[in-house]
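Here's the structure, in structure tokens; my notes come after.
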Amino acid sequence: MPGEIPVDAEPFKIKMVEPIRIPSKAERKRCLEEAGLNVFLVKGKDIYIDLLTDSGTGAMSDRQWAGLMMGDETYAGSRSFYKLESAVRDILGFEYILPCHQGRGAENVLHTALIKEGDVVPGNTHFDTTKAHIEHKRGRAVDCTIPEAADPYYDHPFKGNLDLEKLESYYREYGKERIPFIVVTATCNSGGGQPVSMENMRAVKRLSEKYGIRVCLDGARYAENCHFIKMREPGMKDRSIRELVRMQSECFDMMTMSAKKDAIVNIGGFVATNHAEIYDRIKNFGILFEGFVTYGGLAGRDLEAIAVGLYEGVEEDYLAYRIGHVRYLGEKLKEAGMPVLWPPGGHAIYLDMKKFLPHIPQDRFPGMAFCAHLYLESGVRGVEIGTLLNGRDPDTGENRPATLELVRLTIPRRVYTYRHLDYVVEAVKRVWDIRENIRGFELTYEPPVLRHFTAKFRWADQSPE
Ligand SMILES: Cc1ncc(COP(=O)(O)O)c(C=O)c1O
């Protein structure tokens with residue numbers, strides 16, 4: 001009976017497998033110590049299930065792999081570029097496309113062209129590379145996410161939404177002279193993978209037009225966002241994902257894209273816009289930082305795989321599986337009594353460290369301590385999205401305590417099975433059982449920017465056993 005078949009079953013079968021193994025507990029302890037207790041620095045071969053990120057970690061389809069063979073490696077004017085350009089025009093509706101090696105490359109090109117010292121860039125919990133690029137150009141990122149998003153358990157359908165009053169207060173204070181653009185991240189990674197509603201994006205666009213301010217979509221997960229709109233927003237359920245994507249794009253002047261997410265490739269990104277004037281301003285920085293305008297730091301075969309992946313990423317059955325798969329992990333963890341940010345995100349499940357490890361102060365990095373123990377117990381790797389990631393205040397040099405102190409369990413696309421997710425649930429429960437004995441971390445090495453990637457630590461009070 002078609003109606004009873006679960007919509008979150010996999011709409012693919014597996015043609016190729018990559019063996020993985022669980023290192024012994026002694027090996028895991030050694031690997032963690034060698035990594036300065038930072039699971040980011042543990043080697044991939046020593047991880048069993050890697051939930052560090054969904055970025056570039058997805059499984060490409062047979063059609064994408066076939067596309068690699070069709071890649072045209074012509075330096076300027078590659079056929080593969082025109083295929084990508086046509087896919088972006090067809091799916092997203094943007095005319096001008098500048099390929100970049102990945103999302104942060106796109107941010108660098110756009111921000112270099114548009115941000116000047118002292119500028120203010122509002123947004124909804126900017127992603128870390130976005131914030132770092134704004135600050136690198138001597139601008140300031142200001143957060144305008146709705147207050148409901150700060151409560152990890154408040155069940156709101158669109159916790160990625162922007163607070164329009166707060167946004168307007170920045171528009172009034174700084175005007176278009178000091179605000180080169182606003183960034184809407186959809187879904188909002190650092191805010192729990194939460195979606196932004198169409199109504200909110202339209203309102204942001206109207207308000208920004210009134211003040212003459214441009215609106216940029218950080219669209220790494222633009223298709224997942226549209227799936228949530230279809231499922232949750234009144235009046236949207238009969239629209240196709242393709243229609244919703246177009247409606248969404250109409251709210252934006254430009255878009256930065258990490259194709260490593262919703263285009264399901266291992267590398268790639270782009271800037272897209274309908275403004276010839278913006279394209280003219282960015283293209284020379286594209287050439288300077290990334291490469292000629294028709295390849296942007298990518299091989300022709302990469303462009304080909306992105307073009308195919310963009311189509312696969314907006315397929316309705318794929319998105320139903322994708323969001324359902326992630327939700328499964330969230331529901332199982334919640335049933336087991338774990339403190340899970342709710343509702344589940346599109347690409348990841350987030351655990352609330354303020355509830356999990358309430359005895360560890362934020363400047364002792366409870367999320368990092370959790371990740372270390374999760375790895376020690378099970379070989380599973382998660383990632384801290386909290387005070388370590390938040391960095392230091394550029395003016396005072398103090399740690400910026402995160403509003404939400406989280407650990408993210410991020411699900412790569414089309415990679416792990418539902419049984420793998422059951423294993424993860426058991427692993428988290430094991431850490432829960434020993435939580436009272438877990439100690440915080442002290443920094444022993446801290447780089448000046450994006451510190452979470454390479455920081456090293458020691459246990460604040462004692463080593464674990
Ligand atoms: C919302 C968002 N924006 C930008 C980026 C940066 O993209 P990339 O890792 O391709 O540089 C990411 C990466 O995770 C992201 O999640």
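Ordering of the structure tokens sets the chain letters (A, B, ...); residue numbers start at 1 within each chain; ligands are numbered from 1 in the order shown.
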
Open item on the list: Let me see if you get this right: every residue at most 8 Å from ligand 1, counting only C-alpha atoms and all ligand atoms, written as a count of residues only.
Closed with: 35

TODO: Can you pull out every residue within 12 Å of Gln248 in chain A, counting only C-alpha atoms, but drop anything in the same chain fewer than 5 positions away, and send it as a PyMOL selection string?
DONE: chain A and resi 91-94+184+186+196-205+215-219+222-227+229-230+241-243+253-255

Suppose we keep C-alpha atoms; can you now write the selection as a PDB file, in the first residue's frame?
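Listed below is the output, out.pdb:
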```pdb
ATOM      1  CA  ILE A  91      17.215  25.590 -10.292  1.00  0.00           C
ATOM      2  CA  LEU A  92      18.059  28.758  -8.382  1.00  0.00           C
ATOM      3  CA  GLY A  93      17.212  31.387 -10.973  1.00  0.00           C
ATOM      4  CA  PHE A  94      20.438  33.408 -10.677  1.00  0.00           C
ATOM      5  CA  VAL A 184      20.319  35.030   5.913  1.00  0.00           C
ATOM      6  CA  ALA A 186      19.085  28.907   5.631  1.00  0.00           C
ATOM      7  CA  VAL A 196      13.860  30.187   7.941  1.00  0.00           C
ATOM      8  CA  SER A 197      10.279  30.613   6.735  1.00  0.00           C
ATOM      9  CA  MET A 198       9.351  32.027   3.349  1.00  0.00           C
ATOM     10  CA  GLU A 199       7.255  34.661   5.104  1.00  0.00           C
ATOM     11  CA  ASN A 200      10.280  35.795   7.126  1.00  0.00           C
ATOM     12  CA  MET A 201      12.584  35.885   4.102  1.00  0.00           C
ATOM     13  CA  ARG A 202      10.027  37.945   2.203  1.00  0.00           C
ATOM     14  CA  ALA A 203       9.658  40.355   5.115  1.00  0.00           C
ATOM     15  CA  VAL A 204      13.460  40.709   5.371  1.00  0.00           C
ATOM     16  CA  LYS A 205      13.584  41.490   1.664  1.00  0.00           C
ATOM     17  CA  VAL A 215      20.187  40.650   1.087  1.00  0.00           C
ATOM     18  CA  CYS A 216      22.522  37.673   0.766  1.00  0.00           C
ATOM     19  CA  LEU A 217      21.511  34.031   1.171  1.00  0.00           C
ATOM     20  CA  ASP A 218      24.081  31.778   2.783  1.00  0.00           C
ATOM     21  CA  GLY A 219      22.511  28.900   0.913  1.00  0.00           C
ATOM     22  CA  TYR A 222      18.915  25.981   0.663  1.00  0.00           C
ATOM     23  CA  ALA A 223      17.092  22.816  -0.489  1.00  0.00           C
ATOM     24  CA  GLU A 224      16.731  21.388   3.022  1.00  0.00           C
ATOM     25  CA  ASN A 225      15.292  24.765   4.023  1.00  0.00           C
ATOM     26  CA  CYS A 226      12.675  24.480   1.277  1.00  0.00           C
ATOM     27  CA  HIS A 227      11.703  21.002   2.464  1.00  0.00           C
ATOM     28  CA  ILE A 229       8.935  25.267   4.308  1.00  0.00           C
ATOM     29  CA  LYS A 230       6.894  22.695   2.400  1.00  0.00           C
ATOM     30  CA  ILE A 241      10.510  21.937  -3.948  1.00  0.00           C
ATOM     31  CA  ARG A 242      11.626  23.383  -7.291  1.00  0.00           C
ATOM     32  CA  GLU A 243       8.949  26.096  -7.041  1.00  0.00           C
ATOM     33  CA  ASP A 253      20.146  39.792  -4.293  1.00  0.00           C
ATOM     34  CA  MET A 254      22.932  37.261  -4.103  1.00  0.00           C
ATOM     35  CA  MET A 255      23.892  33.936  -2.664  1.00  0.00           C
TER      36      MET A 255
END
```

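Among A:His373, A:Lys355, A:Arg364, A:Arg413, the residue with the shortest atom-to-atom distance to Val326 in chain A, counting only C-alpha atoms, is A:Arg413.
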
Open item on the list: Show me, as a VMD selection string, the residues that have an atom within 9 Å of Val415 in chain A when counting only C-alpha atoms, minus same-chain residues fewer than 4 positions from it.
Closed with: chain A and resid 57 to 59 411

Could you write those residues out with N, CA, C and O atoms, as a PDB file, in the first residue's frame?
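The new file out_19.pdb reads:
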```
ATOM      1  N   THR A  57      31.228  15.476   2.816  1.00  0.00           N
ATOM      2  CA  THR A  57      31.350  14.100   3.279  1.00  0.00           C
ATOM      3  C   THR A  57      30.251  13.210   2.710  1.00  0.00           C
ATOM      4  O   THR A  57      30.156  12.042   3.080  1.00  0.00           O
ATOM      5  N   GLY A  58      29.424  13.746   1.829  1.00  0.00           N
ATOM      6  CA  GLY A  58      28.320  12.970   1.267  1.00  0.00           C
ATOM      7  C   GLY A  58      28.815  11.939   0.254  1.00  0.00           C
ATOM      8  O   GLY A  58      29.966  11.997  -0.203  1.00  0.00           O
ATOM      9  N   ALA A  59      27.929  10.994  -0.070  1.00  0.00           N
ATOM     10  CA  ALA A  59      28.255   9.987  -1.086  1.00  0.00           C
ATOM     11  C   ALA A  59      27.694  10.462  -2.422  1.00  0.00           C
ATOM     12  O   ALA A  59      26.487  10.687  -2.553  1.00  0.00           O
ATOM     13  N   ILE A 411      25.023  14.666  10.150  1.00  0.00           N
ATOM     14  CA  ILE A 411      24.833  13.453   9.350  1.00  0.00           C
ATOM     15  C   ILE A 411      25.255  13.697   7.894  1.00  0.00           C
ATOM     16  O   ILE A 411      24.603  14.476   7.178  1.00  0.00           O
TER      17      ILE A 411
END
```

- [ ] Please provide the set of residues having any atom within 12 Å of Phe365 in chain A, restricted to only C-alpha atoms, with same-chain residues fewer than 2 positions apart removed, written as a count of residues only.
- [x] 46

TODO: Using DSSP on the backbone coordinates, identify all residues within range 131-348 of chain A classified as strand (DSSP E or B); present the result as a count of residues only.
DONE: 30

Open item on the list: Give me, as JSON, numbers by chain, all polymer residues having an atom no more than 12 Å from Ile278 in chain A, counting only C-alpha atoms and skipping those fewer than 4 positions away in the same chain.
Closed with: {"A": [95, 96, 97, 98, 109, 110, 111, 112, 113, 114, 180, 181, 214, 216, 253, 254, 255, 271, 272, 273, 274, 282, 283, 284, 285]}

Could you dump the residues just selected with N, CA and C atoms as a PDB file, in the first residue's frame?
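Saved the output as again_27.pdb:
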```
ATOM      1  N   GLU A  95      21.418  34.580 -12.548  1.00  0.00           N
ATOM      2  CA  GLU A  95      21.974  34.729 -13.886  1.00  0.00           C
ATOM      3  C   GLU A  95      23.498  34.592 -13.908  1.00  0.00           C
ATOM      4  N   TYR A  96      24.135  35.226 -12.919  1.00  0.00           N
ATOM      5  CA  TYR A  96      25.612  35.280 -12.933  1.00  0.00           C
ATOM      6  C   TYR A  96      26.166  34.339 -11.874  1.00  0.00           C
ATOM      7  N   ILE A  97      27.104  33.503 -12.265  1.00  0.00           N
ATOM      8  CA  ILE A  97      27.661  32.503 -11.344  1.00  0.00           C
ATOM      9  C   ILE A  97      29.175  32.579 -11.378  1.00  0.00           C
ATOM     10  N   LEU A  98      29.751  32.721 -10.184  1.00  0.00           N
ATOM     11  CA  LEU A  98      31.212  32.727 -10.082  1.00  0.00           C
ATOM     12  C   LEU A  98      31.617  31.496  -9.253  1.00  0.00           C
ATOM     13  N   VAL A 109      35.487  36.220  -1.532  1.00  0.00           N
ATOM     14  CA  VAL A 109      35.367  37.022  -2.751  1.00  0.00           C
ATOM     15  C   VAL A 109      34.292  38.105  -2.566  1.00  0.00           C
ATOM     16  N   LEU A 110      33.118  37.701  -2.089  1.00  0.00           N
ATOM     17  CA  LEU A 110      32.009  38.651  -1.951  1.00  0.00           C
ATOM     18  C   LEU A 110      32.306  39.695  -0.874  1.00  0.00           C
ATOM     19  N   HIS A 111      32.806  39.239   0.263  1.00  0.00           N
ATOM     20  CA  HIS A 111      33.040  40.161   1.372  1.00  0.00           C
ATOM     21  C   HIS A 111      34.171  41.138   1.053  1.00  0.00           C
ATOM     22  N   THR A 112      35.201  40.665   0.342  1.00  0.00           N
ATOM     23  CA  THR A 112      36.291  41.575  -0.020  1.00  0.00           C
ATOM     24  C   THR A 112      35.744  42.691  -0.905  1.00  0.00           C
ATOM     25  N   ALA A 113      34.833  42.331  -1.808  1.00  0.00           N
ATOM     26  CA  ALA A 113      34.295  43.342  -2.720  1.00  0.00           C
ATOM     27  C   ALA A 113      33.342  44.307  -2.014  1.00  0.00           C
ATOM     28  N   LEU A 114      32.608  43.830  -0.993  1.00  0.00           N
ATOM     29  CA  LEU A 114      31.506  44.656  -0.470  1.00  0.00           C
ATOM     30  C   LEU A 114      31.729  45.261   0.923  1.00  0.00           C
ATOM     31  N   PRO A 180      26.603  46.923   4.296  1.00  0.00           N
ATOM     32  CA  PRO A 180      26.716  46.592   2.866  1.00  0.00           C
ATOM     33  C   PRO A 180      25.707  45.535   2.436  1.00  0.00           C
ATOM     34  N   PHE A 181      25.330  44.655   3.361  1.00  0.00           N
ATOM     35  CA  PHE A 181      24.317  43.633   3.098  1.00  0.00           C
ATOM     36  C   PHE A 181      23.975  42.933   4.400  1.00  0.00           C
ATOM     37  N   ARG A 214      21.185  45.382   0.612  1.00  0.00           N
ATOM     38  CA  ARG A 214      21.127  44.126  -0.141  1.00  0.00           C
ATOM     39  C   ARG A 214      21.008  42.922   0.796  1.00  0.00           C
ATOM     40  N   CYS A 216      21.723  38.795   1.262  1.00  0.00           N
ATOM     41  CA  CYS A 216      22.522  37.673   0.766  1.00  0.00           C
ATOM     42  C   CYS A 216      22.045  36.378   1.422  1.00  0.00           C
ATOM     43  N   ASP A 253      19.372  39.149  -3.237  1.00  0.00           N
ATOM     44  CA  ASP A 253      20.146  39.792  -4.293  1.00  0.00           C
ATOM     45  C   ASP A 253      21.311  38.912  -4.719  1.00  0.00           C
ATOM     46  N   MET A 254      21.763  38.085  -3.788  1.00  0.00           N
ATOM     47  CA  MET A 254      22.932  37.261  -4.103  1.00  0.00           C
ATOM     48  C   MET A 254      22.975  36.093  -3.139  1.00  0.00           C
ATOM     49  N   MET A 255      23.832  35.157  -3.460  1.00  0.00           N
ATOM     50  CA  MET A 255      23.892  33.936  -2.664  1.00  0.00           C
ATOM     51  C   MET A 255      25.335  33.456  -2.630  1.00  0.00           C
ATOM     52  N   VAL A 271      29.434  31.944  -5.939  1.00  0.00           N
ATOM     53  CA  VAL A 271      28.606  33.111  -5.641  1.00  0.00           C
ATOM     54  C   VAL A 271      27.646  33.215  -6.816  1.00  0.00           C
ATOM     55  N   ALA A 272      26.392  33.545  -6.548  1.00  0.00           N
ATOM     56  CA  ALA A 272      25.426  33.726  -7.637  1.00  0.00           C
ATOM     57  C   ALA A 272      24.627  35.004  -7.369  1.00  0.00           C
ATOM     58  N   THR A 273      24.286  35.704  -8.434  1.00  0.00           N
ATOM     59  CA  THR A 273      23.522  36.954  -8.292  1.00  0.00           C
ATOM     60  C   THR A 273      22.797  37.276  -9.593  1.00  0.00           C
ATOM     61  N   ASN A 274      21.803  38.145  -9.474  1.00  0.00           N
ATOM     62  CA  ASN A 274      21.162  38.640 -10.695  1.00  0.00           C
ATOM     63  C   ASN A 274      21.629  40.048 -11.038  1.00  0.00           C
ATOM     64  N   ILE A 282      32.779  41.471  -8.113  1.00  0.00           N
ATOM     65  CA  ILE A 282      33.390  40.289  -7.478  1.00  0.00           C
ATOM     66  C   ILE A 282      34.332  39.526  -8.413  1.00  0.00           C
ATOM     67  N   LYS A 283      34.142  39.671  -9.710  1.00  0.00           N
ATOM     68  CA  LYS A 283      34.832  38.724 -10.587  1.00  0.00           C
ATOM     69  C   LYS A 283      36.352  38.879 -10.540  1.00  0.00           C
ATOM     70  N   ASN A 284      36.820  40.114 -10.340  1.00  0.00           N
ATOM     71  CA  ASN A 284      38.286  40.270 -10.280  1.00  0.00           C
ATOM     72  C   ASN A 284      38.867  39.683  -9.000  1.00  0.00           C
ATOM     73  N   PHE A 285      38.101  39.767  -7.910  1.00  0.00           N
ATOM     74  CA  PHE A 285      38.570  39.101  -6.680  1.00  0.00           C
ATOM     75  C   PHE A 285      38.504  37.584  -6.852  1.00  0.00           C
TER      76      PHE A 285
END
```

Open item on the list: To test your reading of the structure, identify every residue in range 129-309 of chain A that backbone DSSP assigns to alpha helix (DSSP H), and report it as a ChimeraX atom specification.
Closed with: /A:129-136,164-178,198-210,222-232,241-249,276-289,300-309

Task: Residues within 12 Å of Leu167 in chain A, only C-alpha atoms, excluding chain neighbours under 6 positions, as a ChimeraX atom specification - done: /A:120-124,142-146,161,173-175,179,181-184,200,203-205,207-208,211,213

Take the residues from that selection and put them in a file with N, CA, C and O atoms, as a CSV table (one decimal), in the first residue's frame.
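The file below, out-v3.csv, is the result:
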```csv
chain,number,residue,atom,x,y,z
A,120,VAL,N,28.8,47.0,9.3
A,120,VAL,CA,28.1,46.1,10.2
A,120,VAL,C,27.3,45.2,9.3
A,120,VAL,O,26.7,45.6,8.3
A,121,VAL,N,27.3,43.9,9.6
A,121,VAL,CA,26.6,42.9,8.7
A,121,VAL,C,25.7,42.1,9.6
A,121,VAL,O,26.1,41.1,10.3
A,122,PRO,N,24.4,42.4,9.6
A,122,PRO,CA,23.4,41.7,10.4
A,122,PRO,C,23.2,40.3,9.8
A,122,PRO,O,23.4,40.1,8.6
A,123,GLY,N,22.7,39.4,10.6
A,123,GLY,CA,22.3,38.1,10.1
A,123,GLY,C,21.7,37.2,11.2
A,123,GLY,O,21.4,37.7,12.3
A,124,ASN,N,21.4,36.0,10.9
A,124,ASN,CA,20.8,35.1,11.9
A,124,ASN,C,21.8,34.0,12.3
A,124,ASN,O,22.0,33.0,11.6
A,142,VAL,N,26.5,41.2,13.4
A,142,VAL,CA,25.5,41.4,14.5
A,142,VAL,C,24.4,40.4,14.4
A,142,VAL,O,23.8,40.2,13.3
A,143,ASP,N,24.0,39.7,15.5
A,143,ASP,CA,23.0,38.7,15.4
A,143,ASP,C,21.6,39.2,15.6
A,143,ASP,O,21.3,39.9,16.6
A,144,CYS,N,20.7,38.8,14.7
A,144,CYS,CA,19.3,39.3,14.8
A,144,CYS,C,18.3,38.1,14.7
A,144,CYS,O,17.2,38.2,14.2
A,145,THR,N,18.8,36.9,15.2
A,145,THR,CA,17.9,35.8,15.3
A,145,THR,C,16.7,36.0,16.3
A,145,THR,O,16.9,36.7,17.3
A,146,ILE,N,15.6,35.4,16.0
A,146,ILE,CA,14.4,35.6,16.9
A,146,ILE,C,14.8,35.1,18.3
A,146,ILE,O,15.5,34.1,18.4
A,161,ASN,N,14.5,32.1,11.9
A,161,ASN,CA,13.9,33.4,11.5
A,161,ASN,C,14.7,34.6,12.1
A,161,ASN,O,15.2,34.4,13.2
A,173,GLU,N,20.0,52.6,12.8
A,173,GLU,CA,21.2,53.1,13.4
A,173,GLU,C,22.4,53.3,12.4
A,173,GLU,O,23.1,54.3,12.4
A,174,TYR,N,22.6,52.4,11.5
A,174,TYR,CA,23.7,52.4,10.6
A,174,TYR,C,23.4,52.7,9.2
A,174,TYR,O,24.3,53.2,8.4
A,175,GLY,N,22.2,52.4,8.7
A,175,GLY,CA,21.8,52.8,7.3
A,175,GLY,C,22.7,52.0,6.3
A,175,GLY,O,23.6,51.2,6.6
A,179,ILE,N,26.0,49.4,6.3
A,179,ILE,CA,25.5,48.0,6.2
A,179,ILE,C,25.5,47.6,4.7
A,179,ILE,O,24.6,48.0,3.9
A,181,PHE,N,25.3,44.7,3.4
A,181,PHE,CA,24.3,43.6,3.1
A,181,PHE,C,24.0,42.9,4.4
A,181,PHE,O,24.7,43.1,5.4
A,182,ILE,N,22.9,42.1,4.3
A,182,ILE,CA,22.5,41.3,5.5
A,182,ILE,C,22.6,39.9,5.0
A,182,ILE,O,22.4,39.6,3.8
A,183,VAL,N,23.1,38.9,5.9
A,183,VAL,CA,23.2,37.5,5.5
A,183,VAL,C,22.1,36.7,6.2
A,183,VAL,O,21.9,36.8,7.4
A,184,VAL,N,21.3,36.0,5.4
A,184,VAL,CA,20.3,35.0,5.9
A,184,VAL,C,20.9,33.6,5.7
A,184,VAL,O,21.1,33.2,4.5
A,200,ASN,N,9.2,35.0,6.5
A,200,ASN,CA,10.3,35.8,7.1
A,200,ASN,C,11.3,36.3,6.1
A,200,ASN,O,11.7,37.5,6.1
A,203,ALA,N,9.7,39.1,4.3
A,203,ALA,CA,9.7,40.4,5.1
A,203,ALA,C,11.1,41.0,5.2
A,203,ALA,O,11.2,42.2,5.2
A,204,VAL,N,12.1,40.2,5.3
A,204,VAL,CA,13.5,40.7,5.4
A,204,VAL,C,13.8,41.4,4.1
A,204,VAL,O,14.3,42.5,4.1
A,205,LYS,N,13.3,40.9,3.0
A,205,LYS,CA,13.6,41.5,1.7
A,205,LYS,C,12.9,42.8,1.6
A,205,LYS,O,13.5,43.9,1.2
A,207,LEU,N,11.9,44.8,4.0
A,207,LEU,CA,12.5,45.8,4.9
A,207,LEU,C,13.8,46.3,4.4
A,207,LEU,O,14.1,47.5,4.4
A,208,SER,N,14.6,45.4,3.8
A,208,SER,CA,15.9,45.8,3.3
A,208,SER,C,15.8,46.7,2.1
A,208,SER,O,16.5,47.6,2.0
A,211,TYR,N,15.3,50.2,3.1
A,211,TYR,CA,16.5,50.9,3.5
A,211,TYR,C,17.6,50.8,2.5
A,211,TYR,O,18.7,51.3,2.7
A,213,ILE,N,19.2,48.2,1.3
A,213,ILE,CA,20.2,47.3,1.8
A,213,ILE,C,20.1,45.9,1.1
A,213,ILE,O,19.0,45.4,1.0
```

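When only C-alpha atoms are used to compute distances to Leu32 in chain A, the closest of the residues A:Asp119, A:Asp238, A:Asp422, A:Glu377 turns out to be A:Glu377.
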
For range 274-383 of chain A versus range 20-24 of chain A, which residues have an atom no more than 9 Å away, and what is each residue's nearest atom pair and distance in Å rounded to one decimal, using only C-alpha atoms, chain-then-number order, as a Markdown table?
```
| residue | atom | partner | partner_atom | distance |
| --- | --- | --- | --- | --- |
| A:Ser378 | CA | A:Ile22 | CA | 7.6 |
| A:Gly379 | CA | A:Ile22 | CA | 6.0 |
| A:Val380 | CA | A:Ile22 | CA | 8.9 |
```

Just all heavy atoms for this one: save the residues we selected as a compact mmCIF listing (two decimals), in the first residue's frame.
```txt
# COMPACT_ATOMS: atom_id res chain seq x y z
N SER A 378 33.22 5.24 22.14
CA SER A 378 32.58 4.59 20.99
C SER A 378 33.29 4.74 19.64
O SER A 378 32.88 4.10 18.68
CB SER A 378 31.18 5.19 20.82
OG SER A 378 31.30 6.56 20.48
N GLY A 379 34.26 5.64 19.54
CA GLY A 379 34.86 5.90 18.23
C GLY A 379 34.01 6.82 17.36
O GLY A 379 34.30 7.01 16.18
N VAL A 380 32.93 7.39 17.94
CA VAL A 380 32.08 8.33 17.19
C VAL A 380 32.64 9.74 17.39
O VAL A 380 33.04 10.11 18.50
CB VAL A 380 30.61 8.29 17.70
CG1 VAL A 380 29.77 9.38 17.04
CG2 VAL A 380 30.01 6.91 17.45
```

TODO: May I ask for the distance between CA of Tyr48 in chain A and CA of Val431 in chain A, given in Å to one decimal place?
DONE: 16.3 Å

Task: Using only C-alpha atoms: which of A:Thr417, A:Ser249, A:Thr294, A:Gln194 has the shortest distance to Ile349 in chain A - done: A:Gln194

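Considering only C-alpha atoms, the residue among A:Arg301, A:Lys45, A:Arg327, A:Leu244 positioned nearest to Glu18 in chain A is A:Lys45.
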
Task: Coordinates-based distance that separates CA of Leu421 in chain A from CA of Leu329 in chain A (Å, one decimal) - done: 6.0 Å

TODO: May I ask which of the residues A:Arg408, A:Lys176, A:Lys166, A:Arg451 is the closest one to Lys210 in chain A, counting only C-alpha atoms?
DONE: A:Lys176
